[in-house]
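Novice: So that we are looking at the same thing, I have put the structure below in C-alpha coordinates.
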Amino acid sequence: MIGTRGAAMLVLVNIIFASALGVGAGGLTCLAFRRAWGLKTALIDAVLAAVVAVVAVYVVSAIDSARGALQSRVGLVLVIATGSVVLRHCRPFRYLLPN
(Lines give C-alpha, C1' and ligand atoms only; values in the text may rest on other atoms or scores of the structure.)
Protein backbone atom coordinates (compact mmCIF):
# COMPACT_ATOMS: atom_id res chain seq x y z
CA MET A 1 0.00 0.00 0.00
CA ILE A 2 1.07 3.54 -0.59
CA GLY A 3 1.44 5.95 2.27
CA THR A 4 -0.29 9.23 2.92
CA ARG A 5 2.34 11.22 1.03
CA GLY A 6 2.13 8.93 -1.95
CA ALA A 7 -1.64 9.23 -2.05
CA ALA A 8 -1.45 13.01 -1.71
CA MET A 9 1.01 13.17 -4.59
CA LEU A 10 -1.28 11.04 -6.76
CA VAL A 11 -4.21 13.32 -5.99
CA LEU A 12 -2.19 16.42 -6.86
CA VAL A 13 -0.93 14.89 -10.09
CA ASN A 14 -4.48 13.93 -11.10
CA ILE A 15 -5.80 17.42 -10.31
CA ILE A 16 -2.99 19.05 -12.30
CA PHE A 17 -3.61 16.63 -15.17
CA ALA A 18 -7.34 17.42 -15.08
CA SER A 19 -6.53 21.14 -15.20
CA ALA A 20 -4.23 20.65 -18.18
CA LEU A 21 -6.87 18.61 -19.97
CA GLY A 22 -9.43 21.33 -19.19
CA VAL A 23 -7.20 24.01 -20.69
CA GLY A 24 -6.59 21.90 -23.79
CA ALA A 25 -10.25 21.05 -24.22
CA GLY A 26 -11.28 24.67 -23.71
CA GLY A 27 -8.76 25.86 -26.26
CA LEU A 28 -9.84 23.31 -28.84
CA THR A 29 -13.51 24.06 -28.24
CA CYS A 30 -12.96 27.81 -28.64
CA LEU A 31 -10.94 27.13 -31.77
CA ALA A 32 -13.72 24.96 -33.19
CA PHE A 33 -16.38 27.59 -32.40
CA ARG A 34 -14.10 30.46 -33.50
CA ARG A 35 -14.38 32.27 -30.19
CA ALA A 36 -11.80 34.40 -28.45
CA TRP A 37 -9.68 32.47 -25.99
CA GLY A 38 -7.09 34.09 -23.76
CA LEU A 39 -5.30 33.74 -20.47
CA LYS A 40 -8.36 34.56 -18.34
CA THR A 41 -10.47 31.96 -20.13
CA ALA A 42 -7.68 29.39 -19.83
CA LEU A 43 -7.42 29.99 -16.07
CA ILE A 44 -11.19 29.66 -15.67
CA ASP A 45 -11.08 26.41 -17.64
CA ALA A 46 -8.26 25.05 -15.46
CA VAL A 47 -9.99 25.94 -12.20
CA LEU A 48 -13.33 24.58 -13.39
CA ALA A 49 -11.76 21.29 -14.43
CA ALA A 50 -9.90 20.98 -11.11
CA VAL A 51 -12.99 21.70 -9.01
CA VAL A 52 -15.17 19.34 -11.03
CA ALA A 53 -12.49 16.65 -10.79
CA VAL A 54 -12.44 16.89 -6.98
CA VAL A 55 -16.24 16.78 -6.76
CA ALA A 56 -16.37 13.90 -9.23
CA VAL A 57 -13.87 11.91 -7.17
CA TYR A 58 -16.08 12.22 -4.10
CA VAL A 59 -19.27 11.34 -5.96
CA VAL A 60 -17.79 8.40 -7.87
CA SER A 61 -16.10 6.99 -4.76
CA ALA A 62 -19.34 7.31 -2.78
CA ILE A 63 -21.22 5.42 -5.49
CA ASP A 64 -18.52 2.74 -5.67
CA SER A 65 -18.45 2.45 -1.88
CA ALA A 66 -22.22 1.99 -1.77
CA ARG A 67 -21.97 -0.71 -4.42
CA GLY A 68 -19.15 -2.41 -2.54
CA ALA A 69 -16.80 -2.50 -5.51
CA LEU A 70 -13.86 -0.11 -5.35
CA GLN A 71 -12.04 0.35 -8.64
CA SER A 72 -9.73 2.90 -10.19
CA ARG A 73 -11.97 5.50 -11.81
CA VAL A 74 -9.31 8.01 -12.83
CA GLY A 75 -10.36 7.91 -16.48
CA LEU A 76 -13.99 8.53 -15.63
CA VAL A 77 -13.10 11.48 -13.39
CA LEU A 78 -10.90 13.02 -16.10
CA VAL A 79 -13.65 12.62 -18.69
CA ILE A 80 -16.17 14.31 -16.38
CA ALA A 81 -13.78 17.20 -15.69
CA THR A 82 -12.96 17.69 -19.37
CA GLY A 83 -16.60 17.41 -20.36
CA SER A 84 -17.56 20.16 -17.94
CA VAL A 85 -15.19 22.56 -19.69
CA VAL A 86 -16.52 21.59 -23.11
CA LEU A 87 -20.09 22.12 -21.90
CA ARG A 88 -19.10 25.51 -20.53
CA HIS A 89 -18.01 26.60 -23.99
CA CYS A 90 -20.87 24.91 -25.84
CA ARG A 91 -23.53 26.53 -23.68
CA PRO A 92 -26.40 24.26 -24.66
CA PHE A 93 -28.75 26.42 -22.60
CA ARG A 94 -27.42 29.72 -23.91
CA TYR A 95 -30.69 31.53 -23.36
CA LEU A 96 -30.58 30.75 -19.61
CA LEU A 97 -27.06 32.08 -19.03
CA PRO A 98 -25.98 35.73 -19.12
CA ASN A 99 -23.28 36.75 -21.59
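To be explicit about the labels: the chains of the C-alpha coordinates are called A, B, and onward in the order shown, and within each one the residues are counted from 1, while ligands get numbers from 1 in the order they are shown.
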Counting only C-alpha atoms, which residues of range 2-46 of chain A sit at most 8 Å from some atom of range 73-81 of chain A, and what is each one's closest atom pair with its distance in Å to one decimal, listed by chain and rising residue number, as a tab-separated table?

Specialist:
residue	atom	partner	partner_atom	distance
A:Asn14	CA	A:Val74	CA	7.8
A:Ala18	CA	A:Leu78	CA	5.7
A:Leu21	CA	A:Leu78	CA	7.9
A:Gly22	CA	A:Ala81	CA	6.9

Novice: Counting only C-alpha atoms, what is within 8 Å of Ser84 in chain A, bar same-chain residues fewer than 2 positions away, as a ChimeraX atom specification?

Specialist: /A:48-49,52,80-82,86-88

Novice: Taking the DSSP secondary structure from the backbone, can you list the residues of chain A that are alpha helix (DSSP H), as JSON, numbers by chain?

Specialist: {"A": [4, 5, 6, 7, 8, 9, 10, 11, 12, 13, 14, 15, 16, 17, 18, 19, 20, 21, 22, 23, 24, 25, 26, 27, 28, 29, 30, 31, 32, 33, 39, 40, 41, 42, 43, 44, 45, 46, 47, 48, 49, 50, 51, 52, 53, 54, 55, 56, 57, 58, 59, 60, 61, 62, 63, 64, 65, 66, 67, 74, 75, 76, 77, 78, 79, 80, 81, 82, 83, 84, 85, 86, 87, 88, 89, 90]}

Novice: Hey, which of A:Ile63, A:Cys90, A:Val85, A:Ala53 ends up closest to Val11 in chain A? Count only C-alpha atoms.

Specialist: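 Of A:Ile63, A:Cys90, A:Val85, A:Ala53, the one nearest Val11 in chain A is A:Ala53, counting only C-alpha atoms.
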
Novice: Can you tell me how far CA of Ile2 in chain A sits from CA of Ala56 in chain A, in Å to one decimal?

Specialist: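 CA of Ile2 in chain A sits 22.0 Å away from CA of Ala56 in chain A.
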
Novice: What gap, in Å, lies between CA of Ala62 in chain A and CA of Val47 in chain A?

Specialist: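 So the answer is 22.9 Å.
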
Novice: Need to verify the contact set: His89 in chain A, 10 Å, only C-alpha atoms, exclusion of same-chain residues closer than 6 positions in sequence. Can you return it as a PyMOL selection string?

Specialist: chain A and resi 25-27+29-30+33+35+45+83
